[in-house]
Structure formats: structure tokens, C-alpha cells
$ cat entry-v1.txt   # compact mmCIF, N, CA and C atoms
# COMPACT_ATOMS: atom_id res chain seq x y z
N MET X 1 -30.72 -49.92 91.23
CA MET X 1 -30.93 -50.16 89.82
C MET X 1 -32.17 -51.06 89.68
N THR X 2 -33.03 -50.74 88.76
CA THR X 2 -34.25 -51.52 88.56
C THR X 2 -34.00 -52.62 87.55
N ALA X 3 -34.78 -53.68 87.69
CA ALA X 3 -34.66 -54.80 86.75
C ALA X 3 -35.23 -54.39 85.40
N PRO X 4 -34.62 -54.86 84.30
CA PRO X 4 -35.15 -54.51 82.98
C PRO X 4 -36.55 -55.10 82.80
N ARG X 5 -37.36 -54.35 82.09
CA ARG X 5 -38.71 -54.84 81.81
C ARG X 5 -38.63 -56.07 80.91
N LYS X 6 -39.66 -56.89 80.98
CA LYS X 6 -39.68 -58.13 80.21
C LYS X 6 -39.57 -57.85 78.72
N SER X 7 -40.25 -56.83 78.22
CA SER X 7 -40.20 -56.52 76.79
C SER X 7 -38.81 -56.08 76.37
N ALA X 8 -38.08 -55.38 77.24
CA ALA X 8 -36.72 -54.96 76.92
C ALA X 8 -35.81 -56.18 76.84
N THR X 9 -36.03 -57.15 77.73
CA THR X 9 -35.25 -58.38 77.70
C THR X 9 -35.55 -59.16 76.43
N ALA X 10 -36.83 -59.27 76.08
CA ALA X 10 -37.22 -60.00 74.87
C ALA X 10 -36.65 -59.33 73.63
N ALA X 11 -36.53 -58.02 73.65
CA ALA X 11 -35.99 -57.31 72.49
C ALA X 11 -34.52 -57.66 72.26
N ARG X 12 -33.82 -58.05 73.30
CA ARG X 12 -32.41 -58.39 73.16
C ARG X 12 -32.20 -59.84 72.72
N LEU X 13 -33.24 -60.65 72.80
CA LEU X 13 -33.14 -62.04 72.39
C LEU X 13 -33.39 -62.16 70.88
N THR X 14 -32.72 -63.13 70.27
CA THR X 14 -33.02 -63.40 68.86
C THR X 14 -34.39 -64.06 68.78
N VAL X 15 -34.94 -64.14 67.58
CA VAL X 15 -36.23 -64.79 67.40
C VAL X 15 -36.14 -66.25 67.85
N LEU X 16 -35.07 -66.94 67.48
CA LEU X 16 -34.88 -68.32 67.90
C LEU X 16 -34.87 -68.43 69.42
N GLU X 17 -34.13 -67.57 70.08
CA GLU X 17 -34.06 -67.61 71.55
C GLU X 17 -35.44 -67.37 72.18
N GLN X 18 -36.20 -66.44 71.62
CA GLN X 18 -37.54 -66.16 72.16
C GLN X 18 -38.44 -67.39 72.03
N VAL X 19 -38.41 -68.04 70.86
CA VAL X 19 -39.27 -69.20 70.64
C VAL X 19 -38.84 -70.36 71.53
N LEU X 20 -37.55 -70.61 71.65
CA LEU X 20 -37.08 -71.72 72.48
C LEU X 20 -37.36 -71.46 73.95
N ARG X 21 -37.27 -70.22 74.38
CA ARG X 21 -37.58 -69.89 75.77
C ARG X 21 -39.06 -70.15 76.06
N THR X 22 -39.91 -69.84 75.12
CA THR X 22 -41.36 -69.99 75.30
C THR X 22 -41.82 -71.44 75.13
N HIS X 23 -41.28 -72.16 74.13
CA HIS X 23 -41.81 -73.47 73.77
C HIS X 23 -40.86 -74.65 74.00
N GLY X 24 -39.65 -74.39 74.43
CA GLY X 24 -38.70 -75.49 74.61
C GLY X 24 -38.05 -75.86 73.29
N GLN X 25 -37.28 -76.96 73.31
CA GLN X 25 -36.53 -77.34 72.11
C GLN X 25 -37.10 -78.55 71.39
N LEU X 26 -38.25 -79.03 71.79
CA LEU X 26 -38.83 -80.18 71.10
C LEU X 26 -39.55 -79.74 69.83
N CYS X 27 -39.44 -80.54 68.80
CA CYS X 27 -40.12 -80.28 67.53
C CYS X 27 -41.63 -80.39 67.73
N VAL X 28 -42.38 -79.51 67.11
CA VAL X 28 -43.84 -79.46 67.30
C VAL X 28 -44.63 -80.06 66.15
N CYS X 29 -44.02 -80.80 65.27
CA CYS X 29 -44.71 -81.22 64.05
C CYS X 29 -45.99 -82.02 64.33
N GLN X 30 -46.05 -82.76 65.40
CA GLN X 30 -47.24 -83.53 65.78
C GLN X 30 -47.74 -84.42 64.64
N GLY X 31 -46.81 -84.95 63.86
CA GLY X 31 -47.19 -85.85 62.76
C GLY X 31 -47.47 -85.14 61.46
N GLY X 32 -47.37 -83.81 61.42
CA GLY X 32 -47.61 -83.07 60.19
C GLY X 32 -46.61 -83.42 59.10
N CYS X 33 -45.51 -84.03 59.50
CA CYS X 33 -44.47 -84.40 58.54
C CYS X 33 -44.81 -85.71 57.83
N GLY X 34 -45.86 -86.38 58.27
CA GLY X 34 -46.25 -87.65 57.67
C GLY X 34 -45.73 -88.85 58.44
N THR X 35 -44.91 -88.61 59.45
CA THR X 35 -44.40 -89.68 60.31
C THR X 35 -45.32 -89.78 61.52
N GLU X 36 -45.74 -90.97 61.84
CA GLU X 36 -46.60 -91.15 63.01
C GLU X 36 -45.72 -91.22 64.25
N HIS X 37 -45.70 -90.16 65.01
CA HIS X 37 -44.93 -90.12 66.24
C HIS X 37 -45.78 -90.73 67.35
N PRO X 38 -45.26 -91.75 68.07
CA PRO X 38 -46.06 -92.44 69.09
C PRO X 38 -46.70 -91.51 70.12
N SER X 39 -45.99 -90.47 70.50
CA SER X 39 -46.53 -89.58 71.54
C SER X 39 -47.29 -88.40 70.92
N LYS X 40 -47.52 -88.45 69.60
CA LYS X 40 -48.14 -87.36 68.85
C LYS X 40 -47.28 -86.11 68.86
N ARG X 41 -46.02 -86.26 69.27
CA ARG X 41 -45.09 -85.15 69.26
C ARG X 41 -43.71 -85.68 68.93
N CYS X 42 -43.07 -85.08 67.97
CA CYS X 42 -41.72 -85.49 67.60
C CYS X 42 -40.81 -85.18 68.77
N LEU X 43 -40.01 -86.14 69.16
CA LEU X 43 -39.12 -85.94 70.30
C LEU X 43 -37.70 -85.58 69.87
N ALA X 44 -37.53 -85.27 68.58
CA ALA X 44 -36.20 -84.92 68.09
C ALA X 44 -35.77 -83.57 68.65
N HIS X 45 -34.52 -83.49 68.95
CA HIS X 45 -33.91 -82.23 69.37
C HIS X 45 -32.98 -81.80 68.25
N GLY X 46 -32.69 -80.53 68.19
CA GLY X 46 -31.69 -80.08 67.24
C GLY X 46 -30.33 -80.61 67.66
N THR X 47 -29.46 -80.73 66.71
CA THR X 47 -28.09 -81.15 67.00
C THR X 47 -27.16 -80.04 66.55
N GLU X 48 -25.88 -80.22 66.84
CA GLU X 48 -24.92 -79.20 66.43
C GLU X 48 -24.89 -79.08 64.91
N LYS X 49 -25.04 -80.22 64.21
CA LYS X 49 -25.03 -80.20 62.74
C LYS X 49 -26.37 -79.72 62.17
N ALA X 50 -27.45 -79.98 62.87
CA ALA X 50 -28.78 -79.60 62.38
C ALA X 50 -29.57 -79.02 63.55
N PRO X 51 -29.32 -77.76 63.90
CA PRO X 51 -30.02 -77.18 65.05
C PRO X 51 -31.51 -77.01 64.77
N VAL X 52 -32.27 -76.89 65.84
CA VAL X 52 -33.70 -76.64 65.72
C VAL X 52 -33.89 -75.32 64.98
N LEU X 53 -34.90 -75.26 64.14
CA LEU X 53 -35.22 -74.01 63.47
C LEU X 53 -36.62 -73.60 63.90
N VAL X 54 -37.02 -72.38 63.59
CA VAL X 54 -38.35 -71.92 63.96
C VAL X 54 -39.14 -71.58 62.72
N ALA X 55 -40.41 -71.95 62.76
CA ALA X 55 -41.34 -71.67 61.67
C ALA X 55 -42.75 -71.72 62.25
N PRO X 56 -43.72 -71.18 61.56
CA PRO X 56 -45.09 -71.22 62.08
C PRO X 56 -45.59 -72.66 62.22
N TYR X 57 -46.48 -72.87 63.15
CA TYR X 57 -47.16 -74.16 63.26
C TYR X 57 -48.65 -73.90 63.29
N PRO X 58 -49.41 -74.54 62.43
CA PRO X 58 -48.95 -75.40 61.33
C PRO X 58 -48.31 -74.56 60.24
N LEU X 59 -47.49 -75.22 59.41
CA LEU X 59 -46.83 -74.48 58.34
C LEU X 59 -47.87 -73.96 57.37
N PRO X 60 -47.80 -72.68 57.02
CA PRO X 60 -48.75 -72.14 56.04
C PRO X 60 -48.42 -72.67 54.65
N LEU X 61 -49.35 -72.49 53.73
CA LEU X 61 -49.15 -73.01 52.39
C LEU X 61 -48.13 -72.23 51.58
N THR X 62 -47.97 -70.94 51.85
CA THR X 62 -47.03 -70.17 51.03
C THR X 62 -45.84 -69.70 51.87
N GLU X 63 -44.72 -69.50 51.19
CA GLU X 63 -43.53 -69.01 51.87
C GLU X 63 -43.74 -67.57 52.35
N HIS X 64 -44.52 -66.79 51.62
CA HIS X 64 -44.81 -65.41 52.03
C HIS X 64 -45.53 -65.41 53.38
N GLU X 65 -46.51 -66.30 53.53
CA GLU X 65 -47.23 -66.39 54.81
C GLU X 65 -46.29 -66.80 55.94
N ALA X 66 -45.38 -67.73 55.64
CA ALA X 66 -44.42 -68.18 56.66
C ALA X 66 -43.49 -67.04 57.06
N ALA X 67 -43.02 -66.29 56.08
CA ALA X 67 -42.07 -65.21 56.36
C ALA X 67 -42.71 -64.06 57.13
N SER X 68 -44.01 -63.88 56.96
CA SER X 68 -44.67 -62.75 57.61
C SER X 68 -45.33 -63.13 58.94
N ALA X 69 -45.13 -64.36 59.38
CA ALA X 69 -45.75 -64.80 60.65
C ALA X 69 -45.11 -64.08 61.83
N PRO X 70 -45.92 -63.62 62.79
CA PRO X 70 -45.36 -62.99 63.98
C PRO X 70 -44.67 -64.02 64.88
N VAL X 71 -43.78 -63.56 65.74
CA VAL X 71 -43.03 -64.45 66.63
C VAL X 71 -43.98 -65.31 67.46
N SER X 72 -45.13 -64.78 67.82
CA SER X 72 -46.07 -65.54 68.66
C SER X 72 -46.59 -66.80 67.97
N GLU X 73 -46.50 -66.87 66.63
CA GLU X 73 -46.97 -68.04 65.89
C GLU X 73 -45.85 -69.02 65.57
N LEU X 74 -44.62 -68.68 65.92
CA LEU X 74 -43.48 -69.53 65.59
C LEU X 74 -43.30 -70.61 66.65
N ARG X 75 -42.86 -71.79 66.20
CA ARG X 75 -42.60 -72.92 67.07
C ARG X 75 -41.31 -73.59 66.62
N PRO X 76 -40.67 -74.36 67.51
CA PRO X 76 -39.45 -75.07 67.11
C PRO X 76 -39.77 -76.29 66.23
N TRP X 77 -38.93 -76.52 65.25
CA TRP X 77 -39.04 -77.68 64.35
C TRP X 77 -37.67 -78.33 64.23
N CYS X 78 -37.63 -79.65 64.17
CA CYS X 78 -36.37 -80.30 63.82
C CYS X 78 -36.30 -80.26 62.28
N PRO X 79 -35.12 -80.14 61.71
CA PRO X 79 -35.01 -80.01 60.26
C PRO X 79 -35.66 -81.14 59.46
N PRO X 80 -35.54 -82.43 59.85
CA PRO X 80 -36.20 -83.46 59.05
C PRO X 80 -37.73 -83.31 58.99
N CYS X 81 -38.35 -83.02 60.12
CA CYS X 81 -39.81 -82.85 60.13
C CYS X 81 -40.22 -81.61 59.34
N TRP X 82 -39.47 -80.54 59.45
CA TRP X 82 -39.78 -79.31 58.72
C TRP X 82 -39.71 -79.56 57.22
N ARG X 83 -38.65 -80.27 56.76
CA ARG X 83 -38.51 -80.57 55.32
C ARG X 83 -39.65 -81.45 54.84
N LYS X 84 -39.98 -82.49 55.61
CA LYS X 84 -41.06 -83.39 55.20
C LYS X 84 -42.40 -82.66 55.16
N THR X 85 -42.64 -81.79 56.13
CA THR X 85 -43.90 -81.05 56.18
C THR X 85 -43.99 -80.07 55.01
N ARG X 86 -42.88 -79.40 54.69
CA ARG X 86 -42.87 -78.50 53.53
C ARG X 86 -43.13 -79.28 52.24
N LYS X 87 -42.53 -80.47 52.14
CA LYS X 87 -42.71 -81.29 50.94
C LYS X 87 -44.18 -81.70 50.82
N ARG X 88 -44.77 -82.13 51.93
CA ARG X 88 -46.19 -82.50 51.91
C ARG X 88 -47.06 -81.30 51.53
N GLY X 89 -46.71 -80.12 52.03
CA GLY X 89 -47.46 -78.90 51.68
C GLY X 89 -47.38 -78.60 50.19
N ALA X 90 -46.18 -78.77 49.61
CA ALA X 90 -46.00 -78.54 48.18
C ALA X 90 -46.81 -79.54 47.37
N GLU X 91 -46.84 -80.79 47.83
CA GLU X 91 -47.63 -81.81 47.13
C GLU X 91 -49.12 -81.48 47.20
N ILE X 92 -49.58 -81.01 48.35
CA ILE X 92 -50.99 -80.64 48.51
C ILE X 92 -51.33 -79.47 47.59
N ARG X 93 -50.44 -78.45 47.55
CA ARG X 93 -50.68 -77.30 46.66
C ARG X 93 -50.74 -77.73 45.21
N ALA X 94 -49.83 -78.62 44.80
CA ALA X 94 -49.81 -79.10 43.41
C ALA X 94 -51.09 -79.86 43.08
N GLU X 95 -51.56 -80.69 44.00
CA GLU X 95 -52.79 -81.44 43.77
C GLU X 95 -54.00 -80.50 43.69
N LEU X 96 -54.06 -79.51 44.57
CA LEU X 96 -55.16 -78.54 44.52
C LEU X 96 -55.15 -77.78 43.20
N ARG X 97 -53.97 -77.40 42.75
CA ARG X 97 -53.84 -76.69 41.47
C ARG X 97 -54.28 -77.59 40.32
N ARG X 98 -53.90 -78.86 40.35
CA ARG X 98 -54.30 -79.80 39.30
C ARG X 98 -55.81 -79.94 39.26
N GLN X 99 -56.43 -80.04 40.44
CA GLN X 99 -57.89 -80.15 40.51
C GLN X 99 -58.56 -78.89 39.96
N GLU X 100 -58.01 -77.71 40.28
CA GLU X 100 -58.57 -76.46 39.76
C GLU X 100 -58.50 -76.44 38.23
N LEU X 101 -57.37 -76.85 37.68
CA LEU X 101 -57.21 -76.87 36.23
C LEU X 101 -58.17 -77.87 35.58
N ASP X 102 -58.32 -79.04 36.19
CA ASP X 102 -59.26 -80.03 35.67
C ASP X 102 -60.68 -79.48 35.65
N GLU X 103 -61.07 -78.85 36.74
CA GLU X 103 -62.42 -78.29 36.83
C GLU X 103 -62.62 -77.16 35.84
N ALA X 104 -61.59 -76.34 35.62
CA ALA X 104 -61.69 -75.23 34.67
C ALA X 104 -61.83 -75.74 33.24
N GLN X 105 -61.27 -76.90 32.94
CA GLN X 105 -61.32 -77.44 31.58
C GLN X 105 -62.62 -78.18 31.29
N LEU X 106 -63.38 -78.53 32.32
CA LEU X 106 -64.64 -79.23 32.09
C LEU X 106 -65.58 -78.38 31.25
N GLY X 107 -65.58 -77.08 31.42
CA GLY X 107 -66.42 -76.19 30.64
C GLY X 107 -66.09 -76.21 29.16
N LEU X 108 -64.86 -76.51 28.82
CA LEU X 108 -64.46 -76.59 27.41
C LEU X 108 -65.21 -77.70 26.68
N PHE X 109 -65.43 -78.81 27.36
CA PHE X 109 -66.13 -79.92 26.72
C PHE X 109 -67.60 -79.60 26.54
N ASP X 110 -68.19 -78.85 27.45
CA ASP X 110 -69.58 -78.45 27.34
C ASP X 110 -69.77 -77.54 26.11
N VAL X 111 -68.83 -76.66 25.85
CA VAL X 111 -68.91 -75.75 24.71
C VAL X 111 -68.81 -76.55 23.41
N ALA X 112 -67.88 -77.51 23.35
CA ALA X 112 -67.72 -78.32 22.14
C ALA X 112 -68.96 -79.14 21.88
N ALA X 113 -69.58 -79.71 22.91
CA ALA X 113 -70.79 -80.53 22.74
C ALA X 113 -71.96 -79.66 22.28
N ALA X 114 -72.07 -78.47 22.81
CA ALA X 114 -73.18 -77.57 22.45
C ALA X 114 -73.06 -77.06 21.02
N SER X 115 -71.86 -76.97 20.50
CA SER X 115 -71.67 -76.46 19.14
C SER X 115 -71.72 -77.56 18.09
N GLY X 116 -72.03 -78.76 18.49
CA GLY X 116 -72.19 -79.85 17.53
C GLY X 116 -70.94 -80.69 17.35
N GLY X 117 -70.03 -80.63 18.26
CA GLY X 117 -68.85 -81.48 18.17
C GLY X 117 -67.69 -80.76 17.54
N GLY X 118 -66.67 -81.51 17.28
CA GLY X 118 -65.44 -80.93 16.77
C GLY X 118 -65.48 -80.64 15.28
N ARG X 119 -66.29 -81.39 14.44
CA ARG X 119 -66.25 -81.18 13.00
C ARG X 119 -67.59 -80.92 12.43
$ encode --input "entry-v1.txt" --output "C-alpha cells"
Amino acid sequence: MTAPRKSATAARLTVLEQVLRTHGQLCVCQGGCGTEHPSKRCLAHGTEKAPVLVAPYPLPLTEHEAASAPVSELRPWCPPCWRKTRKRGAEIRAELRRQELDEAQLGLFDVAAASGGGR
């Protein structure tokens, strides 16, 4: 009997199992969560109550990008770092959107000034 090919073995593993086999069980946030980890790597492990989860690293800005990431881009995350990193990403997106809106409204003042003011 021949040994199963590596791809056949990988096909039988869940996505989580594939990522943990490749990258281990340490969280990969590297401070992306906003916490300064002394070793530049979070040393948290998943627990029975909060197991390690897998997501792309670095986390993309949209959930669609995260959901469509191939297994090769997935890394293990501890839940606290993943939540903090997602929150920071949402804050960054909100700030970028606010800046876009501010810049888009600057043209409105130019139009009012060119037409002689409001009255």
C-alpha cells in the first residue's frame, strides 16, 4: 500500500488544522492589536473556552477580503488580539471615511465663495 499524497492528507484536514500544522498555535498579531508584546509576538495560546482562530495576517480592511483569503494567507490568532485588531481596523476605516467626507465638502465652500457668499 502506498502512502497518501501530501495534498490528499491536507484535503482531509480542516482549515484550522492546516493552519496550525503549518504555523503552530501561537498568535501572530505582532502588536497589530495595539498591545506592545515584548517579543514582538503574542505568546497567547488558545484555551478550551477561547480556542485559537484563523484569519489572514495582516487582517484586511473588509470582511469580504478576510472571507475570501486563501488558506496560505491564514494564520493563528488568539481571540483577544483578533478582536482588538478588528476594532483598530474599524476605527481606521471610520477615520479614513471621515477624512474623505471632509475633503469632499471642501469644494462646497469654494462654490459658495465664488458665487458671492450665502446671501
$ closest_residue --input "entry-v1.txt" --among "X:Cys42, X:Gly89, X:Phe109, X:Thr14" --to "Leu59 of chain X" --atoms "all atoms listed in the file"
X:Gly89
$ residues_around --input "entry-v1.txt" --residues "Leu53 of chain X" --least-positions-apart "3" --cutoff "6.5 Å" --atoms "all atoms listed in the file" --output "list in words"
Arg75, Pro76, Trp77, Cys78 and Pro79 of chain X
$ atom_distance --input "entry-v1.txt" --atom1 "atom CA of Val54 of chain X" --atom2 "atom CA of Val19 of chain X"
7.3 Å
$ atom_distance --input "entry-v1.txt" --atom1 "atom CA of Gly32 of chain X" --atom2 "atom CA of Leu101 of chain X"
26.5 Å
$ closest_residue --input "entry-v1.txt" --among "X:Arg21, X:Lys84, X:Ile92, X:Ser72" --to "Cys33 of chain X" --atoms "all atoms listed in the file"
X:Lys84
$ atom_distance --input "entry-v1.txt" --atom1 "atom CA of Ser68 of chain X" --atom2 "atom N of Pro56 of chain X"
9.4 Å
$ closest_residue --input "entry-v1.txt" --among "X:His23, X:His37, X:Arg98, X:Lys87" --to "Val71 of chain X" --atoms "only C-alpha atoms"
X:His23
$ closest_residue --input "entry-v1.txt" --among "X:Ala67, X:Leu61, X:Ala55, X:Gly107" --to "Arg93 of chain X" --atoms "all atoms listed in the file"
X:Leu61
$ closest_residue --input "entry-v1.txt" --among "X:Arg86, X:Pro80, X:Ala94, X:Gln25" --to "Ala66 of chain X" --atoms "only C-alpha atoms"
X:Arg86
